[in-house]
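Report on the following structure.
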Protein chains: 2
Amino acid sequence: MDARSAEASFAKTGCQLDELLKFLAQEWMTHIVWTLAREDTIRFGALRRALPGAISARVLSLRLKTLEAHGLVTRTDIGAKPLHVEYSLTPEGRNLDAALRRNEILSARFNFPGQ
Amino acid sequence: MDARSAEASFAKTGCQLDELLKFLAQEWMTHIVWTLAREDTIRFGALRRALPGAISARVLSLRLKTLEAHGLVTRTDIGAKPLHVEYSLTPEGRNLDAALRRNEILSARFNFPGQ
DNA sequence: CAGGATCCGCCTCGATACTG
DNA sequence: CAGTATCGAGGCGGATCCTG
């Protein structure tokens, strides 16, 4: 691989990392992943209550939808009356969770000060 | 370390990671770090022109200030008439750059789809 | 119960104009 | 040159109301 293609490759992966960062930095995103990782499967309402603080149903729904679109979460419709939907992490989602846990070291490495 | 303190510790570092993510996901932030990493030292205007696309002076100034506040960037005032200020990464800043490069693997690991 | 629709305030960013 | 001040637009998240 010559210098030019290496440069191009770096720029590309750099942008991907940037997208990934913006994706993960969305409000509640990491917490949703972490909470899903603690259960095999969980219902919408239970997930909502399990999250620390108060997330609106609207945002939780949005996040789950994008997580699903990215192949990180599986949505299973169990049945209506009453509605019953289960969410769980895909293997990819579990990889993400594992990576997030590994990267906790990252913040320690920099001694990233919280403000 | 027992289970309870491990749990507490995880919650804490979890939040730190969250803060770090939101910090890095700010518009232009990673690009500024990457660009600074390519130079030993660089002036405000040159840095601005070196960034891909168009960043406003206002935002660049804001980012550099928070980077400095976090100990990742050093600002050196060379002198007035004409104004001359140099920016460079601190050792911590270089660690961050290195970690970002390493973590590019992260996006590959998940095959994170852009959109 | 699991959301969708709507409204609305907040924050952020870009553009513009100005300064030492 | 290296910013700061101000203004306006857009996006995002919360709250509320509504439904199958």
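Residues in the structure tokens are numbered from 1 in each chain, the chains being A, B, ... in the order shown, and ligands are numbered from 1 in the order shown.
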
If we count only C-alpha atoms (C1' of nucleotides), which residues of chain C reach to within 10 Å of chain A? Please list them as a PDB file with N, CA and C atoms (P, O5', C5', C4', C3', O3' and C1' of nucleotides), in the first residue's frame.
ATOM      1  P    DC C   1     -48.020  -1.518  31.487  1.00  0.00           P
ATOM      2  O5'  DC C   1     -48.244  -1.973  29.983  1.00  0.00           O
ATOM      3  C5'  DC C   1     -48.132  -3.365  29.691  1.00  0.00           C
ATOM      4  C4'  DC C   1     -47.806  -3.502  28.229  1.00  0.00           C
ATOM      5  C3'  DC C   1     -46.576  -2.704  27.803  1.00  0.00           C
ATOM      6  O3'  DC C   1     -45.767  -3.522  26.975  1.00  0.00           O
ATOM      7  C1'  DC C   1     -48.488  -2.003  26.543  1.00  0.00           C
ATOM      8  P    DA C   2     -44.274  -3.132  26.606  1.00  0.00           P
ATOM      9  O5'  DA C   2     -44.432  -2.387  25.199  1.00  0.00           O
ATOM     10  C5'  DA C   2     -44.949  -3.130  24.101  1.00  0.00           C
ATOM     11  C4'  DA C   2     -45.114  -2.242  22.887  1.00  0.00           C
ATOM     12  C3'  DA C   2     -43.894  -1.371  22.553  1.00  0.00           C
ATOM     13  O3'  DA C   2     -43.738  -1.343  21.143  1.00  0.00           O
ATOM     14  C1'  DA C   2     -45.757  -0.003  22.836  1.00  0.00           C
ATOM     15  P    DG C   3     -42.342  -0.829  20.516  1.00  0.00           P
ATOM     16  O5'  DG C   3     -42.261   0.677  21.042  1.00  0.00           O
ATOM     17  C5'  DG C   3     -42.179   1.700  20.059  1.00  0.00           C
ATOM     18  C4'  DG C   3     -43.577   2.203  19.724  1.00  0.00           C
ATOM     19  C3'  DG C   3     -43.586   3.491  18.929  1.00  0.00           C
ATOM     20  O3'  DG C   3     -43.816   3.212  17.574  1.00  0.00           O
ATOM     21  C1'  DG C   3     -45.312   3.370  20.586  1.00  0.00           C
ATOM     22  P    DG C   4     -43.172   4.133  16.518  1.00  0.00           P
ATOM     23  O5'  DG C   4     -44.334   5.190  16.214  1.00  0.00           O
ATOM     24  C5'  DG C   4     -45.486   4.733  15.508  1.00  0.00           C
ATOM     25  C4'  DG C   4     -46.459   5.895  15.353  1.00  0.00           C
ATOM     26  C3'  DG C   4     -45.863   7.157  14.724  1.00  0.00           C
ATOM     27  O3'  DG C   4     -46.810   7.707  13.813  1.00  0.00           O
ATOM     28  C1'  DG C   4     -46.701   7.666  16.884  1.00  0.00           C
TER      29       DG C   4
END

What are the residues of chain B that have an atom within 6 Å of an atom of chain A, counting only C-alpha atoms, as number ranges by chain? B: 17, 21-22, 25, 104

Give one line per residue of chain D that approaches chain A to at most 12 Å, naming the two atoms of the closest pair and their distance in Å to one decimal, counting only C-alpha atoms (C1' of nucleotides); sort by chain then ascending residue number and deliver it as CSV.
residue,atom,partner,partner_atom,distance
D:DC12,C1',A:Glu27,CA,9.4
D:DG13,C1',A:Val59,CA,7.3
D:DG14,C1',A:Ser56,CA,6.7
D:DA15,C1',A:Ser56,CA,8.5
D:DT16,C1',A:Ser56,CA,11.2
D:DG20,C1',A:Ala80,CA,8.7

Those selected residues, please, written with C-alpha atoms (C1' of nucleotides) and delivered as a PDB file, in the first residue's frame.
ATOM      1  C1'  DC D  12     -32.609  17.431  19.121  1.00  0.00           C
ATOM      2  C1'  DG D  13     -34.856  16.011  23.172  1.00  0.00           C
ATOM      3  C1'  DG D  14     -38.873  16.447  26.660  1.00  0.00           C
ATOM      4  C1'  DA D  15     -43.796  16.716  27.621  1.00  0.00           C
ATOM      5  C1'  DT D  16     -48.263  15.831  26.359  1.00  0.00           C
ATOM      6  C1'  DG D  20     -54.629  -0.398  18.387  1.00  0.00           C
TER       7       DG D  20
END

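Atom pair CA of Arg75 in chain A / CA of Arg38 in chain A has a distance of 16.4 Å (rounded to one decimal).
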
d(CA of Leu62 in chain A, CA of Arg102 in chain A) in Å: 26.3 Å

Identify all residues of range 25-63 of chain A in alpha helix (DSSP H) (DSSP on the backbone) and supply them as a PyMOL selection string. chain A and resi 25+29-38+44-50+57-63

Restricted to N, CA and C atoms, what would the selected residues look like written as a short mmCIF file (atom, residue, chain, number, x, y, z; two decimals), in the first residue's frame?
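Wrote it out as result.cif, contents follow:
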data_model
loop_
_atom_site.label_atom_id
_atom_site.label_comp_id
_atom_site.auth_asym_id
_atom_site.auth_seq_id
_atom_site.Cartn_x
_atom_site.Cartn_y
_atom_site.Cartn_z
N ALA A 25 -22.56 8.87 20.84
CA ALA A 25 -22.68 10.00 21.76
C ALA A 25 -24.12 10.50 21.86
N MET A 29 -27.76 6.57 24.29
CA MET A 29 -27.35 5.44 23.46
C MET A 29 -26.52 4.41 24.23
N THR A 30 -25.45 4.85 24.85
CA THR A 30 -24.60 3.88 25.55
C THR A 30 -25.35 3.21 26.69
N HIS A 31 -26.15 3.98 27.39
CA HIS A 31 -26.90 3.41 28.52
C HIS A 31 -27.87 2.34 28.05
N ILE A 32 -28.46 2.56 26.90
CA ILE A 32 -29.37 1.55 26.36
C ILE A 32 -28.61 0.27 26.05
N VAL A 33 -27.46 0.41 25.42
CA VAL A 33 -26.65 -0.77 25.11
C VAL A 33 -26.24 -1.48 26.39
N TRP A 34 -25.77 -0.73 27.36
CA TRP A 34 -25.33 -1.34 28.61
C TRP A 34 -26.47 -2.07 29.31
N THR A 35 -27.64 -1.46 29.27
CA THR A 35 -28.77 -2.07 29.96
C THR A 35 -29.23 -3.33 29.22
N LEU A 36 -29.26 -3.26 27.92
CA LEU A 36 -29.63 -4.44 27.14
C LEU A 36 -28.63 -5.57 27.38
N ALA A 37 -27.38 -5.20 27.58
CA ALA A 37 -26.32 -6.21 27.73
C ALA A 37 -26.49 -7.00 29.04
N ARG A 38 -27.19 -6.39 29.99
CA ARG A 38 -27.36 -7.07 31.28
C ARG A 38 -28.50 -8.08 31.25
N PHE A 44 -40.04 -3.24 26.20
CA PHE A 44 -39.89 -1.79 26.02
C PHE A 44 -40.05 -1.04 27.34
N GLY A 45 -41.13 -1.29 28.02
CA GLY A 45 -41.42 -0.58 29.27
C GLY A 45 -40.40 -0.88 30.35
N ALA A 46 -40.00 -2.16 30.45
CA ALA A 46 -39.02 -2.54 31.46
C ALA A 46 -37.67 -1.88 31.17
N LEU A 47 -37.31 -1.86 29.91
CA LEU A 47 -36.06 -1.21 29.51
C LEU A 47 -36.10 0.26 29.89
N ARG A 48 -37.24 0.85 29.63
CA ARG A 48 -37.38 2.27 29.93
C ARG A 48 -37.21 2.54 31.42
N ARG A 49 -37.84 1.68 32.24
CA ARG A 49 -37.71 1.87 33.69
C ARG A 49 -36.32 1.53 34.19
N ALA A 50 -35.65 0.62 33.49
CA ALA A 50 -34.32 0.18 33.93
C ALA A 50 -33.25 1.24 33.69
N ALA A 57 -40.39 8.08 26.03
CA ALA A 57 -40.72 6.93 25.18
C ALA A 57 -40.33 7.24 23.74
N ARG A 58 -40.51 8.49 23.37
CA ARG A 58 -40.19 8.89 22.00
C ARG A 58 -38.72 8.63 21.67
N VAL A 59 -37.83 9.10 22.55
CA VAL A 59 -36.40 8.95 22.29
C VAL A 59 -35.98 7.49 22.38
N LEU A 60 -36.51 6.77 23.35
CA LEU A 60 -36.16 5.35 23.45
C LEU A 60 -36.54 4.63 22.17
N SER A 61 -37.71 4.95 21.68
CA SER A 61 -38.17 4.34 20.44
C SER A 61 -37.24 4.68 19.28
N LEU A 62 -36.86 5.95 19.20
CA LEU A 62 -35.95 6.37 18.14
C LEU A 62 -34.63 5.61 18.22
N ARG A 63 -34.06 5.54 19.43
CA ARG A 63 -32.76 4.89 19.60
C ARG A 63 -32.84 3.41 19.24
#
